[in-house]
>>> print(open('my_file.cif').read())   # mmCIF, C-alpha atoms
data_start
#
loop_
_atom_site.group_PDB
_atom_site.id
_atom_site.type_symbol
_atom_site.label_atom_id
_atom_site.label_comp_id
_atom_site.auth_asym_id
_atom_site.auth_seq_id
_atom_site.Cartn_x
_atom_site.Cartn_y
_atom_site.Cartn_z
ATOM 1 C CA MET O 1 -21.343 -16.115 21.703
ATOM 2 C CA ASP O 2 -18.592 -17.867 19.790
ATOM 3 C CA ILE O 3 -16.447 -15.937 17.311
ATOM 4 C CA GLN O 4 -18.768 -16.759 14.390
ATOM 5 C CA GLN O 5 -21.784 -15.475 16.276
ATOM 6 C CA LEU O 6 -19.912 -12.288 17.133
ATOM 7 C CA TYR O 7 -19.433 -11.734 13.404
ATOM 8 C CA TYR O 8 -23.177 -12.278 12.913
ATOM 9 C CA PHE O 9 -24.013 -9.764 15.632
ATOM 10 C CA ILE O 10 -21.612 -7.115 14.284
ATOM 11 C CA ASN O 11 -22.940 -7.538 10.754
ATOM 12 C CA ILE O 12 -26.539 -7.067 11.881
ATOM 13 C CA VAL O 13 -25.611 -3.733 13.432
ATOM 14 C CA GLU O 14 -23.485 -2.680 10.435
ATOM 15 C CA CYS O 15 -26.398 -3.505 8.094
ATOM 16 C CA ASP O 16 -28.586 -1.096 10.077
ATOM 17 C CA TYR O 17 -30.548 -3.990 11.675
ATOM 18 C CA ASN O 18 -31.738 -5.232 8.270
ATOM 19 C CA LEU O 19 -31.695 -9.018 8.752
ATOM 20 C CA SER O 20 -32.263 -9.737 5.070
ATOM 21 C CA LEU O 21 -29.252 -7.648 4.055
ATOM 22 C CA ALA O 22 -27.068 -9.016 6.875
ATOM 23 C CA ALA O 23 -27.959 -12.613 5.974
ATOM 24 C CA LYS O 24 -26.942 -12.051 2.346
ATOM 25 C CA LYS O 25 -23.707 -10.395 3.388
ATOM 26 C CA ILE O 26 -22.575 -13.275 5.629
ATOM 27 C CA HIS O 27 -24.080 -16.006 3.436
ATOM 28 C CA ILE O 28 -26.568 -17.603 5.819
ATOM 29 C CA SER O 29 -30.348 -17.778 5.711
ATOM 30 C CA GLN O 30 -32.439 -15.053 7.316
ATOM 31 C CA PRO O 31 -34.333 -17.583 9.508
ATOM 32 C CA ALA O 32 -30.992 -18.876 10.842
ATOM 33 C CA LEU O 33 -29.945 -15.329 11.723
ATOM 34 C CA SER O 34 -33.287 -14.654 13.434
ATOM 35 C CA GLN O 35 -32.943 -17.926 15.358
ATOM 36 C CA PHE O 36 -29.468 -16.936 16.545
ATOM 37 C CA ILE O 37 -30.862 -13.713 18.044
ATOM 38 C CA SER O 38 -33.821 -15.456 19.635
ATOM 39 C CA ASN O 39 -31.715 -18.259 21.128
ATOM 40 C CA PHE O 40 -29.164 -15.873 22.605
ATOM 41 C CA GLU O 41 -31.731 -13.528 24.154
ATOM 42 C CA ASN O 42 -33.716 -16.441 25.621
ATOM 43 C CA GLU O 43 -30.734 -18.378 26.939
ATOM 44 C CA LYS O 44 -28.961 -15.359 28.449
ATOM 45 C CA ASP O 45 -32.187 -13.624 29.501
ATOM 46 C CA VAL O 46 -30.935 -10.358 28.015
ATOM 47 C CA GLN O 47 -32.381 -8.301 25.192
ATOM 48 C CA LEU O 48 -29.877 -7.175 22.547
ATOM 49 C CA PHE O 49 -32.181 -5.134 20.307
ATOM 50 C CA ASN O 50 -35.003 -2.681 20.650
ATOM 51 C CA ARG O 51 -37.871 -3.494 18.303
ATOM 52 C CA LYS O 52 -40.462 -1.426 16.485
ATOM 53 C CA GLN O 53 -43.466 -3.129 14.918
ATOM 54 C CA GLY O 54 -41.671 -6.460 15.223
ATOM 55 C CA ARG O 55 -38.531 -5.302 13.432
ATOM 56 C CA LEU O 56 -35.078 -4.679 14.938
ATOM 57 C CA ASN O 57 -34.674 -0.972 15.439
ATOM 58 C CA SER O 58 -31.622 -0.256 17.608
ATOM 59 C CA LEU O 59 -29.381 -1.700 20.299
ATOM 60 C CA THR O 60 -30.445 -1.816 23.933
ATOM 61 C CA ARG O 61 -27.990 -0.556 26.536
ATOM 62 C CA ALA O 62 -26.835 -4.136 27.097
ATOM 63 C CA GLY O 63 -26.665 -4.691 23.350
ATOM 64 C CA GLU O 64 -24.480 -1.608 22.924
ATOM 65 C CA MET O 65 -22.036 -2.807 25.596
ATOM 66 C CA ILE O 66 -21.896 -6.297 24.079
ATOM 67 C CA TYR O 67 -21.377 -4.756 20.635
ATOM 68 C CA GLN O 68 -18.341 -2.805 21.834
ATOM 69 C CA TYR O 69 -16.865 -5.979 23.362
ATOM 70 C CA ALA O 70 -17.616 -7.850 20.136
ATOM 71 C CA LEU O 71 -15.679 -5.299 18.079
ATOM 72 C CA GLN O 72 -12.647 -5.636 20.340
ATOM 73 C CA ILE O 73 -12.757 -9.430 20.425
ATOM 74 C CA VAL O 74 -13.146 -9.782 16.656
ATOM 75 C CA LYS O 75 -10.283 -7.324 16.064
ATOM 76 C CA GLN O 76 -8.025 -9.259 18.438
ATOM 77 C CA HIS O 77 -9.065 -12.545 16.851
ATOM 78 C CA GLU O 78 -8.156 -11.243 13.385
ATOM 79 C CA GLU O 79 -4.818 -9.972 14.703
ATOM 80 C CA MET O 80 -4.131 -13.348 16.276
ATOM 81 C CA GLN O 81 -5.016 -15.141 13.040
ATOM 82 C CA GLU O 82 -2.623 -12.911 11.121
ATOM 83 C CA MET O 83 0.096 -13.512 13.713
ATOM 84 C CA VAL O 84 -0.378 -17.280 13.400
ATOM 85 C CA ARG O 85 -0.174 -17.015 9.611
ATOM 86 C CA VAL O 86 2.978 -14.904 9.725
ATOM 87 C CA GLU O 87 4.697 -17.125 12.308
ATOM 88 C CA GLY O 88 3.852 -20.157 10.192
ATOM 89 C CA LEU O 89 5.498 -18.509 7.203
ATOM 90 C CA LYS O 90 8.579 -17.705 9.252
ATOM 91 C CA GLN O 91 8.917 -21.314 10.371
ATOM 92 C CA LYS O 92 8.758 -22.378 6.720
ATOM 93 C CA GLY O 93 11.581 -19.955 5.924
ATOM 94 C CA THR O 94 9.315 -17.468 4.139
ATOM 95 C CA ILE O 95 10.635 -13.926 3.821
ATOM 96 C CA ARG O 96 8.075 -11.144 3.450
ATOM 97 C CA ILE O 97 9.330 -8.377 1.153
ATOM 98 C CA GLY O 98 7.356 -5.184 0.576
ATOM 99 C CA LEU O 99 7.940 -2.889 -2.381
ATOM 100 C CA PRO O 100 6.011 -0.513 -4.682
ATOM 101 C CA SER O 101 4.442 -2.137 -7.757
ATOM 102 C CA LEU O 102 6.403 -0.003 -10.213
ATOM 103 C CA ILE O 103 9.718 -0.959 -8.638
ATOM 104 C CA LEU O 104 8.699 -4.624 -8.621
ATOM 105 C CA ARG O 105 7.861 -4.531 -12.319
ATOM 106 C CA VAL O 106 10.866 -2.517 -13.506
ATOM 107 C CA TYR O 107 13.659 -3.923 -11.381
ATOM 108 C CA PHE O 108 12.606 -7.221 -9.829
ATOM 109 C CA SER O 109 10.436 -9.081 -12.353
ATOM 110 C CA ASP O 110 13.404 -11.293 -13.304
ATOM 111 C CA TYR O 111 15.316 -11.175 -10.061
ATOM 112 C CA PHE O 112 12.762 -12.732 -7.686
ATOM 113 C CA PRO O 113 11.835 -15.735 -9.879
ATOM 114 C CA ASN O 114 15.533 -16.513 -10.454
ATOM 115 C CA LEU O 115 16.288 -16.177 -6.753
ATOM 116 C CA VAL O 116 13.592 -18.685 -5.792
ATOM 117 C CA LEU O 117 14.289 -21.146 -8.627
ATOM 118 C CA ASN O 118 18.020 -21.185 -7.888
ATOM 119 C CA ASN O 119 17.513 -21.474 -4.123
ATOM 120 C CA PRO O 120 14.753 -24.005 -3.278
ATOM 121 C CA ASN O 121 15.028 -23.243 0.440
ATOM 122 C CA VAL O 122 14.006 -19.611 -0.135
ATOM 123 C CA HIS O 123 10.283 -18.809 -0.011
ATOM 124 C CA LEU O 124 9.153 -15.253 -0.707
ATOM 125 C CA GLU O 125 5.903 -13.449 0.000
ATOM 126 C CA ILE O 126 5.776 -10.238 -2.043
ATOM 127 C CA ILE O 127 3.650 -7.378 -0.690
ATOM 128 C CA GLU O 128 2.952 -4.514 -3.116
ATOM 129 C CA ASN O 129 1.976 -1.112 -1.774
ATOM 130 C CA GLY O 130 2.932 2.547 -1.637
ATOM 131 C CA SER O 131 6.125 3.453 0.191
ATOM 132 C CA ASN O 132 4.259 5.131 3.067
ATOM 133 C CA ASP O 133 2.163 2.042 3.816
ATOM 134 C CA LEU O 134 5.183 -0.254 3.467
ATOM 135 C CA ARG O 135 7.091 1.797 6.028
ATOM 136 C CA LYS O 136 4.269 1.254 8.513
ATOM 137 C CA LYS O 137 4.266 -2.477 7.798
ATOM 138 C CA LEU O 138 8.026 -2.654 8.380
ATOM 139 C CA ILE O 139 7.751 -0.745 11.660
ATOM 140 C CA ASN O 140 4.865 -2.988 12.787
ATOM 141 C CA GLY O 141 6.803 -6.139 11.930
ATOM 142 C CA GLU O 142 4.361 -7.165 9.184
ATOM 143 C CA ILE O 143 7.177 -7.484 6.632
ATOM 144 C CA ASP O 144 10.825 -8.476 7.045
ATOM 145 C CA ILE O 145 12.342 -6.338 4.298
ATOM 146 C CA ALA O 146 11.065 -3.149 2.656
ATOM 147 C CA ILE O 147 12.226 -1.339 -0.448
ATOM 148 C CA LEU O 148 11.329 2.280 0.226
ATOM 149 C CA ILE O 149 11.518 5.505 -1.741
ATOM 150 C CA GLU O 150 13.915 8.125 -0.388
ATOM 151 C CA PRO O 151 13.497 9.672 2.132
ATOM 152 C CA THR O 152 12.628 6.543 4.107
ATOM 153 C CA SER O 153 11.945 8.515 7.340
ATOM 154 C CA LEU O 154 13.241 5.524 9.318
ATOM 155 C CA ASP O 155 15.398 5.887 12.434
ATOM 156 C CA THR O 156 18.928 4.935 11.349
ATOM 157 C CA LYS O 157 19.592 3.606 14.856
ATOM 158 C CA ASN O 158 16.870 0.998 14.458
ATOM 159 C CA TYR O 159 16.903 0.234 10.730
ATOM 160 C CA GLU O 160 19.589 -0.899 8.325
ATOM 161 C CA GLN O 161 19.327 0.947 5.003
ATOM 162 C CA HIS O 162 21.187 0.656 1.687
ATOM 163 C CA VAL O 163 20.678 2.640 -1.528
ATOM 164 C CA ILE O 164 20.032 0.139 -4.318
ATOM 165 C CA GLN O 165 18.843 2.388 -7.138
ATOM 166 C CA ILE O 166 19.363 6.023 -8.123
ATOM 167 C CA ASP O 167 17.008 7.768 -10.543
ATOM 168 C CA GLU O 168 14.765 10.829 -10.823
ATOM 169 C CA MET O 169 11.216 12.104 -11.347
ATOM 170 C CA VAL O 170 10.423 13.494 -14.804
ATOM 171 C CA ALA O 171 7.506 15.146 -16.600
ATOM 172 C CA PHE O 172 5.542 13.027 -19.101
ATOM 173 C CA MET O 173 3.426 14.766 -21.715
ATOM 174 C CA ASP O 174 1.871 14.569 -25.147
ATOM 175 C CA PRO O 175 4.361 15.488 -27.929
ATOM 176 C CA LYS O 176 2.005 18.341 -28.873
ATOM 177 C CA ASN O 177 2.236 19.896 -25.415
ATOM 178 C CA PRO O 178 4.100 23.238 -25.703
ATOM 179 C CA LEU O 179 6.489 22.119 -22.933
ATOM 180 C CA ALA O 180 7.719 19.304 -25.170
ATOM 181 C CA GLN O 181 9.782 21.926 -27.014
ATOM 182 C CA ASN O 182 11.919 22.571 -23.924
ATOM 183 C CA GLU O 183 15.223 20.782 -23.564
ATOM 184 C CA LYS O 184 14.815 20.730 -19.766
ATOM 185 C CA LEU O 185 12.076 22.058 -17.520
ATOM 186 C CA GLU O 186 12.011 24.530 -14.694
ATOM 187 C CA TRP O 187 9.263 23.952 -12.137
ATOM 188 C CA GLN O 188 7.765 27.353 -12.835
ATOM 189 C CA ASP O 189 7.222 26.201 -16.437
ATOM 190 C CA LEU O 190 4.351 24.042 -15.144
ATOM 191 C CA LYS O 191 2.213 26.987 -14.056
ATOM 192 C CA GLY O 192 -1.195 26.784 -15.693
ATOM 193 C CA TYR O 193 -0.925 23.092 -16.587
ATOM 194 C CA PRO O 194 -3.100 20.414 -14.876
ATOM 195 C CA ILE O 195 -0.797 17.904 -13.169
ATOM 196 C CA ALA O 196 -1.155 14.157 -12.644
ATOM 197 C CA THR O 197 0.889 12.061 -10.200
ATOM 198 C CA PHE O 198 0.677 9.111 -7.814
ATOM 199 C CA ASN O 199 -1.809 9.289 -4.938
ATOM 200 C CA SER O 200 -0.999 10.054 -1.297
ATOM 201 C CA THR O 201 -0.089 6.452 -0.376
ATOM 202 C CA PHE O 202 3.077 6.979 -2.426
ATOM 203 C CA MET O 203 6.092 8.880 -1.132
ATOM 204 C CA THR O 204 6.463 10.410 -4.598
ATOM 205 C CA ASN O 205 3.143 12.240 -4.121
ATOM 206 C CA HIS O 206 4.526 14.073 -1.082
ATOM 207 C CA LEU O 207 7.802 14.883 -2.833
ATOM 208 C CA VAL O 208 6.007 16.289 -5.881
ATOM 209 C CA THR O 209 3.546 18.250 -3.708
ATOM 210 C CA GLN O 210 6.368 19.784 -1.669
ATOM 211 C CA LYS O 211 8.267 20.820 -4.791
ATOM 212 C CA LEU O 212 5.159 22.356 -6.379
ATOM 213 C CA GLU O 213 4.308 24.215 -3.156
ATOM 214 C CA THR O 214 7.608 26.066 -3.366
ATOM 215 C CA HIS O 215 6.442 27.373 -6.748
ATOM 216 C CA SER O 216 2.809 28.006 -5.677
ATOM 217 C CA ALA O 217 1.573 25.258 -7.994
ATOM 218 C CA ALA O 218 0.445 22.480 -5.643
ATOM 219 C CA HIS O 219 -3.218 23.324 -6.403
ATOM 220 C CA GLN O 220 -2.582 22.227 -9.997
ATOM 221 C CA ILE O 221 -2.511 18.520 -9.038
ATOM 222 C CA GLN O 222 -5.873 17.441 -10.466
ATOM 223 C CA PHE O 223 -5.338 13.734 -11.206
ATOM 224 C CA THR O 224 -3.994 11.138 -8.782
ATOM 225 C CA SER O 225 -3.952 7.353 -8.927
ATOM 226 C CA SER O 226 -1.950 4.285 -7.912
ATOM 227 C CA SER O 227 -1.892 3.277 -11.597
ATOM 228 C CA TRP O 228 0.992 4.719 -13.603
ATOM 229 C CA ASP O 229 -0.534 3.621 -16.923
ATOM 230 C CA TYR O 230 -3.730 5.558 -16.149
ATOM 231 C CA LEU O 231 -1.650 8.630 -15.295
ATOM 232 C CA ILE O 232 0.241 8.312 -18.570
ATOM 233 C CA GLU O 233 -3.085 8.029 -20.385
ATOM 234 C CA THR O 234 -4.193 11.376 -18.911
ATOM 235 C CA THR O 235 -1.465 13.054 -20.965
ATOM 236 C CA ARG O 236 -3.384 12.154 -24.135
ATOM 237 C CA ASN O 237 -4.982 15.484 -23.281
ATOM 238 C CA LYS O 238 -2.130 17.674 -24.508
ATOM 239 C CA ASP O 239 -2.499 20.119 -21.595
ATOM 240 C CA ILE O 240 -1.937 17.562 -18.807
ATOM 241 C CA VAL O 241 1.547 16.861 -17.440
ATOM 242 C CA ALA O 242 2.214 13.695 -15.419
ATOM 243 C CA ILE O 243 5.078 13.818 -12.936
ATOM 244 C CA LEU O 244 6.281 10.261 -12.430
ATOM 245 C CA PRO O 245 9.481 8.204 -11.993
ATOM 246 C CA ARG O 246 11.615 8.110 -15.155
ATOM 247 C CA PRO O 247 11.734 4.249 -15.402
ATOM 248 C CA ILE O 248 8.085 4.273 -16.503
ATOM 249 C CA GLU O 249 9.281 5.331 -19.967
ATOM 250 C CA LYS O 250 10.293 1.703 -20.590
ATOM 251 C CA PHE O 251 6.627 0.731 -20.863
ATOM 252 C CA PHE O 252 5.218 3.005 -23.549
ATOM 253 C CA GLN O 253 5.967 4.056 -27.118
ATOM 254 C CA SER O 254 7.963 7.282 -27.294
ATOM 255 C CA GLU O 255 6.037 8.625 -30.298
ATOM 256 C CA GLN O 256 2.862 8.752 -28.183
ATOM 257 C CA THR O 257 4.336 10.263 -25.020
ATOM 258 C CA GLU O 258 7.471 12.239 -24.284
ATOM 259 C CA PHE O 259 9.254 12.932 -21.030
ATOM 260 C CA LYS O 260 11.387 15.868 -19.992
ATOM 261 C CA HIS O 261 13.979 16.134 -17.258
ATOM 262 C CA PHE O 262 13.852 18.899 -14.649
ATOM 263 C CA ARG O 263 16.955 20.954 -14.028
ATOM 264 C CA ASP O 264 16.182 20.854 -10.300
ATOM 265 C CA TYR O 265 14.863 17.300 -10.309
ATOM 266 C CA ILE O 266 13.290 15.276 -7.504
ATOM 267 C CA PRO O 267 15.424 12.184 -6.804
ATOM 268 C CA PHE O 268 13.743 8.819 -7.264
ATOM 269 C CA ASN O 269 16.121 6.746 -5.164
ATOM 270 C CA PHE O 270 15.117 3.692 -3.220
ATOM 271 C CA HIS O 271 16.584 1.894 -0.267
ATOM 272 C CA LEU O 272 16.709 -1.689 0.935
ATOM 273 C CA CYS O 273 15.600 -1.600 4.586
ATOM 274 C CA ARG O 274 15.196 -3.943 7.523
ATOM 275 C CA SER O 275 15.124 -3.552 11.287
ATOM 276 C CA PHE O 276 18.236 -4.269 13.317
ATOM 277 C CA LYS O 277 17.824 -7.548 15.229
ATOM 278 C CA LYS O 278 20.121 -9.516 17.496
ATOM 279 C CA LYS O 279 19.738 -12.544 15.282
ATOM 280 C CA TYR O 280 18.458 -13.116 11.755
ATOM 281 C CA THR O 281 17.549 -16.457 10.231
ATOM 282 C CA SER O 282 19.996 -17.808 7.662
ATOM 283 C CA VAL O 283 17.379 -17.298 4.948
ATOM 284 C CA GLU O 284 16.831 -13.660 5.974
ATOM 285 C CA ASN O 285 20.556 -12.953 5.794
ATOM 286 C CA PHE O 286 20.949 -14.783 2.493
ATOM 287 C CA VAL O 287 18.124 -12.871 0.778
ATOM 288 C CA PHE O 288 19.184 -9.494 2.184
ATOM 289 C CA ASP O 289 22.841 -9.991 1.221
ATOM 290 C CA ASP O 290 21.898 -11.221 -2.247
ATOM 291 C CA LEU O 291 19.752 -8.122 -2.811
ATOM 292 C CA ILE O 292 22.636 -5.880 -1.804
ATOM 293 C CA ASN O 293 25.150 -7.723 -3.969
ATOM 294 C CA HIS O 294 22.819 -7.574 -6.967
ATOM 295 C CA PHE O 295 21.548 -3.989 -6.718
ATOM 296 C CA TYR O 296 23.701 -1.939 -4.348
ATOM 297 C CA GLN O 297 24.702 1.496 -5.667
ATOM 298 C CA PRO O 298 26.990 3.586 -3.449
ATOM 299 C CA VAL O 299 26.033 7.248 -3.214
ATOM 300 C CA GLU O 300 28.874 9.433 -4.440
#
>>> encode(input="my_file.cif", output="structure tokens")
Amino acid sequence: MDIQQLYYFINIVECDYNLSLAAKKIHISQPALSQFISNFENEKDVQLFNRKQGRLNSLTRAGEMIYQYALQIVKQHEEMQEMVRVEGLKQKGTIRIGLPSLILRVYFSDYFPNLVLNNPNVHLEIIENGSNDLRKKLINGEIDIAILIEPTSLDTKNYEQHVIQIDEMVAFMDPKNPLAQNEKLEWQDLKGYPIATFNSTFMTNHLVTQKLETHSAAHQIQFTSSSWDYLIETTRNKDIVAILPRPIEKFFQSEQTEFKHFRDYIPFNFHLCRSFKKKYTSVENFVFDDLINHFYQPVE
């Protein structure tokens, strides 16, 4: 089988041996898919599928072994294709930068376009994701630079890290929420209120959960999402409190939603990170240094 036929074979199994469904999924005709099976079994003199009343029913022992090989080969082929794509980008001088969507929108919406327009030799690929997933991508070499929420949980011996923004998590709520009368909040003030925050792909979710656990309130997290605007919308119910980064307040009207600081607040600081290497490309160094010069904030 060539790589395309391996995809056909895998899809037949994943579609529970329903050739009609598999054909629609991979955009070929059902007769062509049936012919592929027939040709392979006849040419190789091996039966891939058990049949019941003329229909595919399950894999034979040989079919099961071939299926396991097919999964491995297709996975390696996809990894190779991604490697080729990434290496091609590197040779073009493309820098892959990963950062959370909120941070991109608040802090970098002007910076990145200006950087590219003023430096024609710089090509950027922006990857948006939660801080936890971005850390994995940085460790796996899938991105060159990551902007990660503190704590980064990176080994300082292997990764260069610079604080480039200092902020905090706050509580957003409807103005009619009783907590809106408080000048500042204590965490125990949240007891009894349903809580909304980012989902588990975000470092902020873990920080909020840990803080609430110390006050026996982690079970109150009832709404999670990757969408900050949805989480803000949940506070239209005056009982719900959304715990989110303070910079979000730039994107809504204050008369509809209020935010309150915590006395013992959770920091919302983020770091510019990259792995230590013996040699960086000139473009890598230029972009990294420009980010530091533009955003760096020393921690007092």
>>> closest_residue(input="my_file.cif", among="O:Pro113, O:Gly54, O:Gly63, O:Pro245", to="O:Phe172", atoms="all atoms listed in the file")
O:Pro245
>>> closest_residue(input="my_file.cif", among="O:Ile243, O:Ala196, O:Val106, O:Cys15", to="O:Phe223", atoms="all atoms listed in the file")
O:Ala196
>>> axis_aligned_box(input="my_file.cif", around="stretch 195-207 of chain O", padding_each_side="3 Å", output="JSON")
{"center_x": 3.0, "center_y": 12.2, "center_z": -6.8, "size_x": 15.6, "size_y": 17.5, "size_z": 18.8}
>>> resolve_selection(input="my_file.cif", expression="the PyMOL selection byres ((chain O and resi 228) around 8)", output="count of residues only")
11
>>> atom_distance(input="my_file.cif", atom1="atom CA of O:Leu115", atom2="atom CA of O:Leu291")
9.6 Å
>>> resolve_selection(input="my_file.cif", expression="the PyMOL selection byres ((chain O and resi 18-23) around 12)", output="PyMOL selection string")
chain O and resi 7-17+24-37+51+55-58
>>> resolve_selection(input="my_file.cif", expression="the PyMOL selection byres ((chain O and resi 164) around 12)", output="ChimeraX atom specification")
/O:103,107-108,146-150,161-163,165-167,268-273,288-299
>>> atom_distance(input="my_file.cif", atom1="atom CA of O:Gly98", atom2="atom CA of O:Ile126")
5.9 Å
>>> closest_residue(input="my_file.cif", among="O:Leu138, O:Pro120, O:Gln222, O:Leu71", to="O:Leu6", atoms="all atoms listed in the file")
O:Leu71
>>> closest_residue(input="my_file.cif", among="O:Thr94, O:Gln76, O:Thr156, O:Thr197", to="O:Gln220", atoms="all atoms listed in the file")
O:Thr197
>>> atom_distance(input="my_file.cif", atom1="atom CA of O:Glu258", atom2="atom CA of O:Ile221")
19.3 Å
>>> closest_residue(input="my_file.cif", among="O:Pro247, O:Asn132, O:Lys137, O:Asp174", to="O:Arg105", atoms="only C-alpha atoms")
O:Pro247
>>> closest_residue(input="my_file.cif", among="O:Lys260, O:Arg236, O:Glu213, O:Tyr280", to="O:Gln181", atoms="only C-alpha atoms")
O:Lys260
>>> residues_around(input="my_file.cif", residues="O:Thr235", least_positions_apart="4", cutoff="7 Å", atoms="only C-alpha atoms", output="ChimeraX atom specification")
/O:173-174,240-242
>>> write_last_selection(input="my_file.cif", atoms="C-alpha atoms", output="PDB file, in the coordinates of the input")
ATOM      1  CA  MET O 173       3.426  14.766 -21.715  1.00  0.00           C
ATOM      2  CA  ASP O 174       1.871  14.569 -25.147  1.00  0.00           C
ATOM      3  CA  ILE O 240      -1.937  17.562 -18.807  1.00  0.00           C
ATOM      4  CA  VAL O 241       1.547  16.861 -17.440  1.00  0.00           C
ATOM      5  CA  ALA O 242       2.214  13.695 -15.419  1.00  0.00           C
TER       6      ALA O 242
END
